[in-house]
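**Q** This is the structure I want to talk about, given as structure tokens.
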Amino acid sequence: MLELHALRAGYGAVEVLHEVSLRVDAGEIVSLIGPNTAGKSTLLRAISRLGAAWTRGDIVLDDRSLMSSQAHEIAGRGIAHVLEGRHIFPRMTVAENLRLGAWSRRGTQTDADRAARMDRVIALFPRLGERLSQAAGTLSGGEQQMVAVGRALMLEPRLLLLDEPSHGLAPKVVDEMHAALLEINRQGVSILLVEQNAQLALAVSSRAYVLSGGRIELEGPSAQLVQDDHVRSAYLGI
Ligand SMILES: Nc1ncnc2c1ncn2[C@@H]1O[C@H](COP(=O)(O)OP(=O)(O)OP(=O)(O)O)[C@@H](O)[C@H]1O
Ligand SMILES: [Mg+2]
């Protein structure tokens with residue numbers, strides 16, 4: 001579904017990603033783990049075009065290159081990006097934040113379509129349903145992350161790019177978030193998941209890539225990487 005071919009990306013004279021190749025098949029959850037400054041967020045932003053990085057190489061969705069597309073066109077092709085750090089609108093209500101997510105969607109849509117989509121987001125995150133008229137900035141960290149993911153789902157994406165959705169959340173909330181990701185995937189959305197918590201990322205994904213210093217260091221089935229000595233000592237603290 002999505003393929004990166006020898007993707008290079010950087011800022012000014014600095015190259016951050018060095019010929020990264022990676023793919024996400026339809027229906028998969030693929031995780032991308034790696035140390036701080038490896039370039040994980042840069043890679044997601046290069047795909048969605050949300051950010052300042054220059055890119056070379058090729059990014060292909062369904063056999064069509066995305067390299068000359070702008071952010072709104074990429075969103076229109078069904079790729080939604082939940083940025084690192086949530087970026088919700090704190091003074092707007094939960095419902096308003098969610099509704100905003102629907103606007104960049106491709107094709108025509110009616111109020112009824114948007115309402116039905118909001119219902120599906122609420123079914124996934126019932127806590128949001130109880131807080132629709134609350135200012136989003138007054139929610140807990142976990143609830144704000146649910147708003148960020150829910151807002152992305154309002155686009156009805158085929159592919160969801162998630163940048164550290166469990167960062168800073170309590171263990172119980174992390175479990176809820178990951179259960180929601182599995183359910184989103186079960187409903188047919190492919191996921192490329194960047195996680196600081198490698199243990200969780202490998203538990204929830206079928207395949208994984210390890211990015212280090214802007215290069216793919218290792219890749220394979222997640223169940224296999226969990227057993228890998230280097231991954232265990234460098235990323236799982238075992
Ligand atoms: N807008 C920018 N301008 C210049 N350099 C940047 C910019 N954004 C990121 N970088 C640099 O690119 C490198 C990769 O950053 P990136 O945020 O992609 O890493 P990361 O793997 O997501 O790290 P983390 O785990 O801390 O989120 C870093 O050295 C960072 O300083
Ligand atoms: Mg990052």
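Every chain in the structure tokens takes a letter, A first, then B, and so on in the order presented; its residues are numbered from 1, and the ligands are numbered from 1 following the presented order.
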DSSP on the backbone, helix (DSSP H, G or I) only: what residues of range 68-207 of chain A does that give? Format it as a VMD selection string.
**A** chain A and resid 71 to 76 94 to 100 111 to 124 126 to 129 136 to 138 141 to 153 171 to 186 198 to 204
**Q** Near Gly85 in chain A, counting only C-alpha atoms, which residues have an atom at most 9 Å away, once you skip same-chain residues fewer than 2 positions from it, shown as a compact mmCIF listing (two decimals) with C-alpha atoms, in the first residue's frame?
**A**
```txt
# COMPACT_ATOMS: atom_id res chain seq x y z
CA VAL A 82 -1.37 12.18 14.55
CA LEU A 83 1.58 14.42 15.39
CA HIS A 87 -1.67 19.50 19.00
CA ILE A 88 -5.32 19.71 19.90
CA GLN A 145 -4.49 11.83 23.02
CA ASP A 163 3.75 9.51 16.48
CA GLU A 164 4.21 8.26 20.05
CA PRO A 165 0.55 8.00 21.00
CA HIS A 167 4.03 9.07 25.37
```
**Q** Residues of chain A that have any atom at most 12 Å from an atom of ligand 2: could you tabulate them with the shortest-distance atom pair and the distance in Å to one decimal, using only C-alpha atoms and all ligand atoms, ordered by chain and increasing number, as JSON lines?
**A**
```
{"residue": "A:Leu32", "atom": "CA", "partner": "ligand 2", "partner_atom_place_in_ligand_line": "1 (Mg)", "distance": 10.7}
{"residue": "A:Ile33", "atom": "CA", "partner": "ligand 2", "partner_atom_place_in_ligand_line": "1 (Mg)", "distance": 10.0}
{"residue": "A:Gly34", "atom": "CA", "partner": "ligand 2", "partner_atom_place_in_ligand_line": "1 (Mg)", "distance": 9.6}
{"residue": "A:Pro35", "atom": "CA", "partner": "ligand 2", "partner_atom_place_in_ligand_line": "1 (Mg)", "distance": 9.2}
{"residue": "A:Asn36", "atom": "CA", "partner": "ligand 2", "partner_atom_place_in_ligand_line": "1 (Mg)", "distance": 7.0}
{"residue": "A:Thr37", "atom": "CA", "partner": "ligand 2", "partner_atom_place_in_ligand_line": "1 (Mg)", "distance": 6.9}
{"residue": "A:Ala38", "atom": "CA", "partner": "ligand 2", "partner_atom_place_in_ligand_line": "1 (Mg)", "distance": 8.1}
{"residue": "A:Gly39", "atom": "CA", "partner": "ligand 2", "partner_atom_place_in_ligand_line": "1 (Mg)", "distance": 6.9}
{"residue": "A:Lys40", "atom": "CA", "partner": "ligand 2", "partner_atom_place_in_ligand_line": "1 (Mg)", "distance": 5.4}
{"residue": "A:Ser41", "atom": "CA", "partner": "ligand 2", "partner_atom_place_in_ligand_line": "1 (Mg)", "distance": 4.1}
{"residue": "A:Thr42", "atom": "CA", "partner": "ligand 2", "partner_atom_place_in_ligand_line": "1 (Mg)", "distance": 7.2}
{"residue": "A:Leu43", "atom": "CA", "partner": "ligand 2", "partner_atom_place_in_ligand_line": "1 (Mg)", "distance": 9.1}
{"residue": "A:Leu44", "atom": "CA", "partner": "ligand 2", "partner_atom_place_in_ligand_line": "1 (Mg)", "distance": 9.0}
{"residue": "A:Arg45", "atom": "CA", "partner": "ligand 2", "partner_atom_place_in_ligand_line": "1 (Mg)", "distance": 9.8}
{"residue": "A:Val82", "atom": "CA", "partner": "ligand 2", "partner_atom_place_in_ligand_line": "1 (Mg)", "distance": 11.6}
{"residue": "A:Leu83", "atom": "CA", "partner": "ligand 2", "partner_atom_place_in_ligand_line": "1 (Mg)", "distance": 8.8}
{"residue": "A:Glu84", "atom": "CA", "partner": "ligand 2", "partner_atom_place_in_ligand_line": "1 (Mg)", "distance": 6.3}
{"residue": "A:Gly85", "atom": "CA", "partner": "ligand 2", "partner_atom_place_in_ligand_line": "1 (Mg)", "distance": 9.2}
{"residue": "A:Leu162", "atom": "CA", "partner": "ligand 2", "partner_atom_place_in_ligand_line": "1 (Mg)", "distance": 10.3}
{"residue": "A:Asp163", "atom": "CA", "partner": "ligand 2", "partner_atom_place_in_ligand_line": "1 (Mg)", "distance": 6.7}
{"residue": "A:Glu164", "atom": "CA", "partner": "ligand 2", "partner_atom_place_in_ligand_line": "1 (Mg)", "distance": 7.3}
{"residue": "A:Pro165", "atom": "CA", "partner": "ligand 2", "partner_atom_place_in_ligand_line": "1 (Mg)", "distance": 10.8}
{"residue": "A:His167", "atom": "CA", "partner": "ligand 2", "partner_atom_place_in_ligand_line": "1 (Mg)", "distance": 10.4}
{"residue": "A:Leu193", "atom": "CA", "partner": "ligand 2", "partner_atom_place_in_ligand_line": "1 (Mg)", "distance": 11.3}
{"residue": "A:Val194", "atom": "CA", "partner": "ligand 2", "partner_atom_place_in_ligand_line": "1 (Mg)", "distance": 7.8}
{"residue": "A:Glu195", "atom": "CA", "partner": "ligand 2", "partner_atom_place_in_ligand_line": "1 (Mg)", "distance": 8.6}
{"residue": "A:Gln196", "atom": "CA", "partner": "ligand 2", "partner_atom_place_in_ligand_line": "1 (Mg)", "distance": 8.5}
{"residue": "A:Leu211", "atom": "CA", "partner": "ligand 2", "partner_atom_place_in_ligand_line": "1 (Mg)", "distance": 11.5}
```
**Q** Ranking A:Gly141, A:Gly214, A:Gly27, A:Pro221 by minimum distance to Ala6 in chain A and counting only C-alpha atoms, which one comes first?
**A**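 Checking each candidate against Ala6 in chain A, we get A:Gly214 as the closest.
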**Q** Applying 8 Å and only C-alpha atoms, which residues near Arg207 in chain A remain after dropping the ones on its own chain fewer than 6 positions away? List them as a ChimeraX atom specification.
**A** /A:29-31,219-223
**Q** Which residue out of A:Ala170, A:Ile216, A:Leu2, A:Val147 has the minimum interatomic distance to Val20 in chain A when only C-alpha atoms are used?
**A** A:Ile216
**Q** Leaving out Ile191 in chain A and any residue of its chain fewer than 4 positions from it, which residues lie within 7 Å of it when counting only C-alpha atoms, given as a list in words?
**A**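 In the requested form, the answer reads Glu28, Ile29, Val30, Leu159, Leu160, Leu161 and Asn185 of chain A.
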**Q** Please provide the set of residues having any atom within 12 Å of Ala46 in chain A, restricted to only C-alpha atoms, with same-chain residues fewer than 3 positions apart removed, written as number ranges by chain.
**A** A: 4, 7-11, 16-17, 20, 39-43, 49-60, 66-71, 74, 81, 161
**Q** Give me, as a list of chain:residue names, all polymer residues having an atom no more than 9 Å from Leu153 in chain A, counting only C-alpha atoms and skipping those fewer than 6 positions away in the same chain.
**A**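 Skipping anything fewer than 6 positions along the chain leaves A:Ala80, A:Leu98, A:Gly101, A:Ala102, A:Arg117, A:Met118, A:Arg120, A:Val121, A:Leu160, A:Ile184.
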**Q** Rounded to one decimal, what separation in Å do you get between CA of Gly150 in chain A and CA of Leu192 in chain A?
**A**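 Answer for the CA of Gly150 in chain A to CA of Leu192 in chain A separation: 16.0 Å.
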**Q** Quick one: pick out all strand (DSSP E or B) residues within range 58-218 of chain A from a backbone DSSP run and write them as a count of residues only.
**A** 32
**Q** Pick out the closest residue to ligand 1 from this set: A:Ala95, A:Ile122, A:Val204, A:Ala198. Count only C-alpha atoms and all ligand atoms.
**A**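 Checking each of A:Ala95, A:Ile122, A:Val204, A:Ala198 against ligand 1, counting only C-alpha atoms and all ligand atoms, the winner is A:Ala198.
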**Q** Within 9 Å of Gln144 in chain A, counting only C-alpha atoms, which residues qualify if same-chain residues fewer than 6 places away don't, as a list in words?
**A**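 Residues near the query, excluding close chain neighbours: Arg86, His87, Ile88, Val94, Ala136, Gly137 and Thr138 of chain A.
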**Q** What is the distance between CA of Ala148 in chain A and CA of Asn97 in chain A, in Å to one decimal?
**A**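 One can read the CA of Ala148 in chain A to CA of Asn97 in chain A distance as 8.3 Å.
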**Q** With distances taken over only C-alpha atoms and all ligand atoms, which residue among A:Ala26, A:Leu124, A:Met1, A:Val210 lies nearest ligand 1?
**A** A:Val210
